[in-house]
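Printed here is query.txt (compact mmCIF, C-alpha atoms and all ligand atoms):
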```txt
# COMPACT_ATOMS: atom_id res chain seq x y z
CA MET A 294 129.82 46.53 138.05
CA ASN A 295 130.18 47.23 134.36
CA LYS A 296 127.23 49.62 134.29
CA GLU A 297 126.03 51.62 137.27
CA LYS A 298 122.99 49.84 138.60
CA LYS A 299 119.90 51.97 138.42
CA ARG A 300 117.80 50.68 141.23
CA LYS A 301 114.52 52.51 141.45
CA GLY A 302 113.96 51.48 145.01
CA ARG A 303 113.06 47.85 145.20
CA SER A 304 110.74 47.49 142.32
CA PRO A 305 109.42 46.68 139.90
CA PHE A 306 112.05 44.47 138.34
CA VAL A 307 110.99 42.19 135.51
CA ALA A 308 113.28 39.63 133.89
CA GLY A 309 112.43 37.42 130.94
CA ASN A 310 113.94 33.95 130.93
CA TRP A 311 113.75 32.79 127.32
CA LYS A 312 115.12 29.35 128.24
CA MET A 313 116.01 27.21 125.18
CA ASN A 314 113.92 29.24 122.76
CA LYS A 315 114.46 31.71 119.91
CA THR A 316 116.64 31.50 116.85
CA LEU A 317 118.65 34.53 115.84
CA SER A 318 115.91 36.09 113.74
CA GLU A 319 113.21 35.35 116.33
CA ALA A 320 115.39 36.84 119.06
CA ARG A 321 115.96 39.98 117.02
CA GLU A 322 112.25 40.47 116.51
CA LEU A 323 111.40 39.94 120.19
CA ALA A 324 114.22 42.14 121.49
CA LYS A 325 113.34 44.94 119.05
CA SER A 326 109.71 45.00 120.20
CA ILE A 327 110.70 45.10 123.85
CA VAL A 328 113.27 47.83 123.30
CA LYS A 329 110.66 49.91 121.45
CA ALA A 330 108.18 49.53 124.30
CA SER A 331 110.82 50.12 126.98
CA PHE A 332 110.93 53.87 126.32
CA ASN A 333 107.44 54.05 127.87
CA LEU A 334 108.31 51.70 130.71
CA ALA A 335 110.85 53.82 132.54
CA GLY A 336 109.37 52.87 135.92
CA ALA A 337 110.72 49.33 135.73
CA GLU A 338 114.02 47.56 135.45
CA ILE A 339 113.82 45.19 132.50
CA VAL A 340 116.25 42.34 131.96
CA LEU A 341 116.28 39.91 129.04
CA CYS A 342 117.91 36.49 129.53
CA PRO A 343 118.17 34.94 126.07
CA PRO A 344 120.12 31.78 125.22
CA PHE A 345 123.91 32.11 124.87
CA THR A 346 123.76 31.93 121.07
CA VAL A 347 121.91 35.24 120.74
CA LEU A 348 123.35 37.21 123.67
CA TYR A 349 125.66 39.27 121.48
CA GLU A 350 122.92 40.14 119.02
CA VAL A 351 120.50 41.14 121.77
CA ALA A 352 123.28 43.16 123.46
CA LYS A 353 123.60 45.24 120.28
CA LEU A 354 119.85 45.74 119.96
CA ILE A 355 119.33 46.97 123.53
CA GLU A 356 122.14 49.52 123.33
CA GLY A 357 120.89 53.00 124.16
CA SER A 358 117.78 51.70 125.91
CA SER A 359 117.15 50.89 129.57
CA VAL A 360 116.83 47.19 128.80
CA GLN A 361 119.54 45.09 130.43
CA LEU A 362 121.02 41.73 129.55
CA GLY A 363 121.35 38.53 131.54
CA ALA A 364 122.58 35.02 130.80
CA GLN A 365 120.82 31.85 131.91
CA ASP A 366 123.86 30.13 133.41
CA ILE A 367 127.58 30.52 134.12
CA PHE A 368 130.44 28.10 134.72
CA TRP A 369 132.32 28.39 138.01
CA GLU A 370 135.82 28.66 136.52
CA ASP A 371 136.89 31.68 134.48
CA SER A 372 138.64 29.85 131.61
CA GLY A 373 140.21 26.55 130.67
CA ALA A 374 139.47 23.06 129.44
CA PHE A 375 135.74 22.88 130.20
CA THR A 376 134.15 21.79 126.94
CA GLY A 377 130.76 23.33 126.36
CA GLU A 378 130.84 25.74 129.30
CA ILE A 379 130.60 29.55 129.29
CA SER A 380 132.53 31.67 131.78
CA GLY A 381 131.88 34.91 133.65
CA PRO A 382 134.47 36.92 131.68
CA MET A 383 132.80 35.77 128.44
CA LEU A 384 129.38 36.86 129.66
CA LEU A 385 130.67 40.23 130.79
CA ASP A 386 132.49 40.70 127.51
CA VAL A 387 129.34 40.06 125.50
CA GLY A 388 127.41 42.68 127.52
CA CYS A 389 125.70 40.78 130.33
CA GLN A 390 125.06 42.41 133.67
CA TYR A 391 123.04 39.59 135.21
CA VAL A 392 123.12 35.83 135.26
CA ILE A 393 120.48 33.37 136.42
CA VAL A 394 121.94 30.81 138.82
CA GLY A 395 120.30 27.74 140.30
CA HIS A 396 117.21 27.62 138.13
CA SER A 397 115.12 24.62 139.13
CA GLU A 398 115.36 23.17 135.61
CA ARG A 399 119.13 23.04 136.09
CA ARG A 400 118.79 21.73 139.64
CA GLN A 401 116.40 18.99 138.55
CA ILE A 402 117.37 18.04 135.00
CA ILE A 403 121.12 18.79 135.03
CA LYS A 404 121.39 17.78 138.71
CA GLU A 405 123.09 20.97 139.90
CA ASN A 406 123.38 20.95 143.66
CA ASP A 407 123.81 23.73 146.21
CA ASP A 408 127.62 23.37 146.20
CA ILE A 409 127.75 23.97 142.46
CA ILE A 410 125.29 26.85 142.73
CA ASN A 411 127.43 28.41 145.47
CA LEU A 412 130.49 28.22 143.18
CA LYS A 413 128.51 29.77 140.34
CA ILE A 414 127.31 32.65 142.53
CA LYS A 415 130.91 33.33 143.50
CA ALA A 416 131.98 33.21 139.84
CA ALA A 417 129.27 35.71 138.92
CA LEU A 418 130.23 38.11 141.72
CA ARG A 419 133.94 37.81 140.96
CA ASN A 420 133.14 38.81 137.38
CA ASN A 421 130.93 41.78 138.22
CA LEU A 422 127.71 40.07 137.23
CA PHE A 423 124.58 40.30 139.39
CA PRO A 424 123.35 36.78 140.18
CA ILE A 425 119.62 36.08 140.01
CA LEU A 426 119.48 33.16 142.40
CA CYS A 427 116.46 30.89 141.94
CA ILE A 428 115.13 28.94 144.90
CA GLY A 429 111.88 27.18 145.63
CA GLU A 430 110.25 24.00 146.83
CA THR A 431 108.88 21.02 144.93
CA LEU A 432 105.22 20.05 145.16
CA GLU A 433 106.13 17.15 147.43
CA GLU A 434 108.00 19.48 149.78
CA ARG A 435 105.06 21.89 149.87
CA GLU A 436 102.61 19.09 150.61
CA LYS A 437 104.80 17.88 153.45
CA GLY A 438 104.95 21.38 154.94
CA LEU A 439 108.63 21.75 154.09
CA THR A 440 108.37 24.89 151.95
CA LEU A 441 110.01 27.32 154.35
CA SER A 442 112.71 24.95 155.51
CA ARG A 443 113.59 24.16 151.90
CA ILE A 444 113.87 27.87 151.11
CA GLU A 445 116.02 28.38 154.17
CA SER A 446 118.41 25.54 153.40
CA GLN A 447 118.82 26.71 149.81
CA ILE A 448 119.68 30.24 150.93
CA GLU A 449 122.07 28.98 153.61
CA ASN A 450 123.90 26.61 151.27
CA ASP A 451 123.85 28.70 148.10
CA LEU A 452 125.14 31.78 149.96
CA LYS A 453 127.83 29.97 151.96
CA ASN A 454 130.81 32.30 152.55
CA ILE A 455 129.11 35.18 150.74
CA ASN A 456 129.67 38.39 152.68
CA GLN A 457 127.28 41.29 153.12
CA GLU A 458 128.77 43.42 150.37
CA GLU A 459 128.45 40.51 147.94
CA ALA A 460 124.99 39.55 149.14
CA ALA A 461 123.76 43.08 148.39
CA LYS A 462 124.32 42.33 144.68
CA ILE A 463 122.21 39.19 144.62
CA ILE A 464 118.61 39.13 143.45
CA ILE A 465 116.59 36.21 144.73
CA ALA A 466 113.83 34.68 142.65
CA TYR A 467 111.33 32.55 144.55
CA GLU A 468 110.14 30.01 142.01
CA PRO A 469 108.11 27.13 143.40
CA VAL A 470 109.03 24.19 141.16
CA TRP A 471 105.40 23.11 140.82
CA ALA A 472 104.48 26.52 139.38
CA ILE A 473 107.12 26.67 136.65
CA GLY A 474 105.74 26.15 133.16
CA THR A 475 102.63 24.49 134.57
CA GLY A 476 100.14 27.33 134.24
CA LYS A 477 99.52 26.97 137.99
CA ASN A 478 100.98 30.01 139.73
CA ALA A 479 101.44 30.36 143.49
CA THR A 480 98.59 32.26 145.08
CA PRO A 481 99.46 35.81 146.13
CA ASP A 482 99.37 34.66 149.77
CA GLN A 483 101.72 31.76 149.11
CA ALA A 484 104.14 34.06 147.28
CA GLU A 485 103.99 36.71 149.98
CA GLU A 486 104.60 34.18 152.75
CA ALA A 487 107.69 32.84 150.98
CA HIS A 488 109.01 36.31 150.13
CA GLN A 489 108.53 37.52 153.70
CA TYR A 490 110.41 34.52 154.94
CA ILE A 491 113.27 35.10 152.48
CA ARG A 492 113.54 38.69 153.71
CA LYS A 493 113.57 37.44 157.29
CA ILE A 494 116.46 35.08 156.55
CA LEU A 495 118.36 37.87 154.78
CA ASN A 496 117.75 40.09 157.79
CA ARG A 497 119.15 37.47 160.14
CA LYS A 498 122.19 36.81 157.93
CA TYR A 499 122.99 40.28 156.64
CA GLY A 500 121.02 42.82 158.65
CA ASN A 501 117.96 44.95 158.31
CA GLU A 502 119.17 47.39 155.69
CA LEU A 503 120.19 44.72 153.21
CA ALA A 504 116.99 42.76 153.78
CA ASN A 505 114.83 45.83 153.22
CA CYS A 506 116.62 46.75 149.98
CA ALA A 507 116.84 43.21 148.59
CA ILE A 508 114.98 42.59 145.34
CA ILE A 509 112.94 39.41 145.62
CA LEU A 510 111.22 38.21 142.47
CA TYR A 511 108.41 35.72 142.04
CA GLY A 512 108.56 33.24 139.17
CA GLY A 513 106.23 30.48 138.03
CA SER A 514 103.48 30.86 135.44
CA VAL A 515 103.37 34.65 135.65
CA LYS A 516 101.04 36.04 132.98
CA PRO A 517 99.31 39.35 132.29
CA GLU A 518 96.16 37.79 133.81
CA ASN A 519 97.66 37.00 137.22
CA VAL A 520 100.42 39.57 137.61
CA VAL A 521 98.37 42.27 139.36
CA SER A 522 97.43 40.29 142.46
CA LEU A 523 101.00 39.00 142.79
CA ALA A 524 102.49 42.48 142.33
CA GLU A 525 100.14 43.80 145.01
CA GLN A 526 102.04 41.82 147.63
CA ASP A 527 104.40 44.01 149.66
CA ASN A 528 107.37 41.69 149.41
CA VAL A 529 107.03 40.81 145.74
CA ASP A 530 109.37 43.23 143.95
CA GLY A 531 109.01 41.89 140.46
CA PHE A 532 109.02 38.77 138.34
CA LEU A 533 111.13 36.22 136.57
CA VAL A 534 108.97 35.31 133.62
CA GLY A 535 109.44 32.25 131.42
CA GLY A 536 106.73 31.32 128.91
CA ALA A 537 105.04 34.71 128.88
CA SER A 538 108.35 36.46 128.12
CA LEU A 539 108.55 34.78 124.73
CA ASP A 540 105.79 36.97 123.40
CA ALA A 541 106.52 40.70 123.31
CA GLN A 542 102.95 41.78 124.00
CA SER A 543 102.46 39.59 127.06
CA PHE A 544 105.89 40.45 128.49
CA ILE A 545 105.25 44.17 127.99
CA LYS A 546 101.81 43.87 129.63
CA ILE A 547 103.39 42.19 132.64
CA ILE A 548 105.83 45.08 132.96
CA GLU A 549 103.11 47.73 132.47
CA LYS A 550 100.86 46.16 135.09
CA SER A 551 103.75 45.78 137.55
CA ILE A 552 104.59 49.46 137.22
CA GLU A 553 100.93 50.41 137.65
CA VAL A 554 100.57 48.42 140.85
CA LYS A 555 103.88 49.46 142.40
CA GLN A 556 103.35 53.15 141.63
CA LYS A 557 99.96 53.26 143.36
P1 LIG B 1 107.29 30.14 133.56
O1 LIG B 1 108.86 30.02 133.94
O2 LIG B 1 106.96 31.61 133.65
O3 LIG B 1 107.19 29.59 132.17
O4 LIG B 1 106.55 29.33 134.56
C1 LIG B 1 109.44 30.80 134.94
C2 LIG B 1 110.88 30.45 135.10
O5 LIG B 1 111.22 29.28 134.94
O6 LIG B 1 111.71 31.31 135.38
```

How would this structure read if it were set down as structure tokens?
Amino acid sequence: MNKEKKRKGRSPFVAGNWKMNKTLSEARELAKSIVKASFNLAGAEIVLCPPFTVLYEVAKLIEGSSVQLGAQDIFWEDSGAFTGEISGPMLLDVGCQYVIVGHSERRQIIKENDDIINLKIKAALRNNLFPILCIGETLEEREKGLTLSRIESQIENDLKNINQEEAAKIIIAYEPVWAIGTGKNATPDQAEEAHQYIRKILNRKYGNELANCAIILYGGSVKPENVVSLAEQDNVDGFLVGGASLDAQSFIKIIEKSIEVKQK
């Protein structure tokens, strides 16, 4: 990896997914506020995932702080005639250490399937980027009682031919599709059940040690108001935050509260 990973045990790990938001000047302002606050947030790993257009600028602003950089997507080839795509070597070059793969917005709107996501995970790993793999069920799947089987099939297919050493570098984000951007978060029990199950699958596939060390994030309408009860769950190691990461104060509060809960 391009920078030695500073894992403080399993948690807390908080990533902000800015999605398709923030112009250059807005990104500067947000990143500066988070960097300033980060010096008092040493108990957490903080990752910012801005849009491609501002990655380089944010990379410069976080230099010298503990804040880390992630991209929101990666193409599965490393270079070539792929108009509009961004490759692993480009992301690494610009200062990324992480990349989100398989976000439900890409699965649903751009129609990315598990085969594509598997290729993207391999591209990230080949390029020394830590994948943040997003999985999670739709509302229809939850209502039909298919939540756990959906999670299982996503892990099986997305991690096809990924060995143990590679799997140890992957962060999984459980993001129920019905909770993303809706204001309706999973209950702490629902999150814990899914996270426990993810750890069980990792245990079966890669062994106890990897499963125990794996960072499993919850994502979906995380806010300062609901983060405490989610963070209190044993298997919730942190958060992938969308909407609430666009505002420095709310993102910082989420990090502060996560540290408070996990340090108890
Ligand atoms: P949200 O998004 O926090 O706005 O629900 C989370 C995500 O999509 O990662």

- Query: Using all atoms listed in the file, what are the residues with an atom within 9 Å of ligand LIG 1 (chain B), set out as a PyMOL selection string?
  - Reply: chain A and resi 308-312+396-398+427+466+468+470-478+511-516+532-538

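By chain and then residue number, the residues within 9 Å of Arg321 of chain A are Lys315, Thr316, Leu317, Lys325, Ser326, Val347, Glu350, Val351 and Leu354 of chain A, counting only C-alpha atoms and disregarding those fewer than 4 positions away in sequence.
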
- Item | Residue contacts of Ile425 of chain A (12 Å, all atoms listed in the file) excluding same-chain residues fewer than 2 positions away, as a VMD selection string | chain A and resid 306 to 310 340 342 362 to 367 390 to 396 410 413 to 414 417 to 418 422 to 423 427 to 428 451 460 to 468 507 to 512 532 to 533

Selection to disk with C-alpha atoms, as a PDB file, in the coordinates of the input:
```pdb
ATOM      1  CA  PHE A 306     112.050  44.470 138.340  1.00  0.00           C
ATOM      2  CA  VAL A 307     110.990  42.190 135.510  1.00  0.00           C
ATOM      3  CA  ALA A 308     113.280  39.630 133.890  1.00  0.00           C
ATOM      4  CA  GLY A 309     112.430  37.420 130.940  1.00  0.00           C
ATOM      5  CA  ASN A 310     113.940  33.950 130.930  1.00  0.00           C
ATOM      6  CA  VAL A 340     116.250  42.340 131.960  1.00  0.00           C
ATOM      7  CA  CYS A 342     117.910  36.490 129.530  1.00  0.00           C
ATOM      8  CA  LEU A 362     121.020  41.730 129.550  1.00  0.00           C
ATOM      9  CA  GLY A 363     121.350  38.530 131.540  1.00  0.00           C
ATOM     10  CA  ALA A 364     122.580  35.020 130.800  1.00  0.00           C
ATOM     11  CA  GLN A 365     120.820  31.850 131.910  1.00  0.00           C
ATOM     12  CA  ASP A 366     123.860  30.130 133.410  1.00  0.00           C
ATOM     13  CA  ILE A 367     127.580  30.520 134.120  1.00  0.00           C
ATOM     14  CA  GLN A 390     125.060  42.410 133.670  1.00  0.00           C
ATOM     15  CA  TYR A 391     123.040  39.590 135.210  1.00  0.00           C
ATOM     16  CA  VAL A 392     123.120  35.830 135.260  1.00  0.00           C
ATOM     17  CA  ILE A 393     120.480  33.370 136.420  1.00  0.00           C
ATOM     18  CA  VAL A 394     121.940  30.810 138.820  1.00  0.00           C
ATOM     19  CA  GLY A 395     120.300  27.740 140.300  1.00  0.00           C
ATOM     20  CA  HIS A 396     117.210  27.620 138.130  1.00  0.00           C
ATOM     21  CA  ILE A 410     125.290  26.850 142.730  1.00  0.00           C
ATOM     22  CA  LYS A 413     128.510  29.770 140.340  1.00  0.00           C
ATOM     23  CA  ILE A 414     127.310  32.650 142.530  1.00  0.00           C
ATOM     24  CA  ALA A 417     129.270  35.710 138.920  1.00  0.00           C
ATOM     25  CA  LEU A 418     130.230  38.110 141.720  1.00  0.00           C
ATOM     26  CA  LEU A 422     127.710  40.070 137.230  1.00  0.00           C
ATOM     27  CA  PHE A 423     124.580  40.300 139.390  1.00  0.00           C
ATOM     28  CA  CYS A 427     116.460  30.890 141.940  1.00  0.00           C
ATOM     29  CA  ILE A 428     115.130  28.940 144.900  1.00  0.00           C
ATOM     30  CA  ASP A 451     123.850  28.700 148.100  1.00  0.00           C
ATOM     31  CA  ALA A 460     124.990  39.550 149.140  1.00  0.00           C
ATOM     32  CA  ALA A 461     123.760  43.080 148.390  1.00  0.00           C
ATOM     33  CA  LYS A 462     124.320  42.330 144.680  1.00  0.00           C
ATOM     34  CA  ILE A 463     122.210  39.190 144.620  1.00  0.00           C
ATOM     35  CA  ILE A 464     118.610  39.130 143.450  1.00  0.00           C
ATOM     36  CA  ILE A 465     116.590  36.210 144.730  1.00  0.00           C
ATOM     37  CA  ALA A 466     113.830  34.680 142.650  1.00  0.00           C
ATOM     38  CA  TYR A 467     111.330  32.550 144.550  1.00  0.00           C
ATOM     39  CA  GLU A 468     110.140  30.010 142.010  1.00  0.00           C
ATOM     40  CA  ALA A 507     116.840  43.210 148.590  1.00  0.00           C
ATOM     41  CA  ILE A 508     114.980  42.590 145.340  1.00  0.00           C
ATOM     42  CA  ILE A 509     112.940  39.410 145.620  1.00  0.00           C
ATOM     43  CA  LEU A 510     111.220  38.210 142.470  1.00  0.00           C
ATOM     44  CA  TYR A 511     108.410  35.720 142.040  1.00  0.00           C
ATOM     45  CA  GLY A 512     108.560  33.240 139.170  1.00  0.00           C
ATOM     46  CA  PHE A 532     109.020  38.770 138.340  1.00  0.00           C
ATOM     47  CA  LEU A 533     111.130  36.220 136.570  1.00  0.00           C
TER      48      LEU A 533
END
```

- Please measure the separation of atom CA of Ile339 of chain A and atom CA of Ile548 of chain A, giving the value in Å to one decimal.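 Distance reported for this atom pair: 8.0 Å.
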
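Between Arg399 of chain A and the residues A:Arg492, A:Lys415, A:Phe332, A:Leu426, the shortest atom-to-atom distance, using all atoms listed in the file, involves A:Leu426.
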
Write out as a PDB file with C-alpha atoms, in the frame of the given file which residues come within 10 Å of Glu378 of chain A when counting all atoms listed in the file, dropping same-chain ones fewer than 2 positions away.
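Result went into out03.pdb, see below:
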```pdb
ATOM      1  CA  ASP A 366     123.860  30.130 133.410  1.00  0.00           C
ATOM      2  CA  ILE A 367     127.580  30.520 134.120  1.00  0.00           C
ATOM      3  CA  PHE A 368     130.440  28.100 134.720  1.00  0.00           C
ATOM      4  CA  TRP A 369     132.320  28.390 138.010  1.00  0.00           C
ATOM      5  CA  GLU A 370     135.820  28.660 136.520  1.00  0.00           C
ATOM      6  CA  ASP A 371     136.890  31.680 134.480  1.00  0.00           C
ATOM      7  CA  SER A 372     138.640  29.850 131.610  1.00  0.00           C
ATOM      8  CA  GLY A 373     140.210  26.550 130.670  1.00  0.00           C
ATOM      9  CA  ALA A 374     139.470  23.060 129.440  1.00  0.00           C
ATOM     10  CA  PHE A 375     135.740  22.880 130.200  1.00  0.00           C
ATOM     11  CA  THR A 376     134.150  21.790 126.940  1.00  0.00           C
ATOM     12  CA  SER A 380     132.530  31.670 131.780  1.00  0.00           C
TER      13      SER A 380
END
```

- Message: I need the residue nearest Gly429 of chain A from this list: A:Ser442, A:Pro469, A:Ala416, A:Arg400. Use all atoms listed in the file for the distance.
- Response: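 Smallest separation from Gly429 of chain A among the options: A:Pro469.
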
- Query: Could you work out how far atom CA of Gln457 of chain A lies from atom CA of Leu439 of chain A, giving the answer in Å with one decimal?
  - Reply: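 So the answer is 27.0 Å.
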
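The shortest atom-to-atom distance to Ala337 of chain A, with only C-alpha atoms taken into account, belongs to A:Ile552 out of A:Ile552, A:Leu384, A:Arg435, A:Lys557.
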
- Message: Under the rule that only C-alpha atoms are counted, which of A:Val520, A:Ala479, A:Leu539, A:Ile448 is the nearest residue to Arg497 of chain A?
- Response: A:Ile448

- Query: Of the candidates A:Asp386, A:Glu485, A:Glu405, A:Glu459, which shows the shortest atom-to-atom distance to Leu441 of chain A, using only C-alpha atoms?
  - Reply: A:Glu485
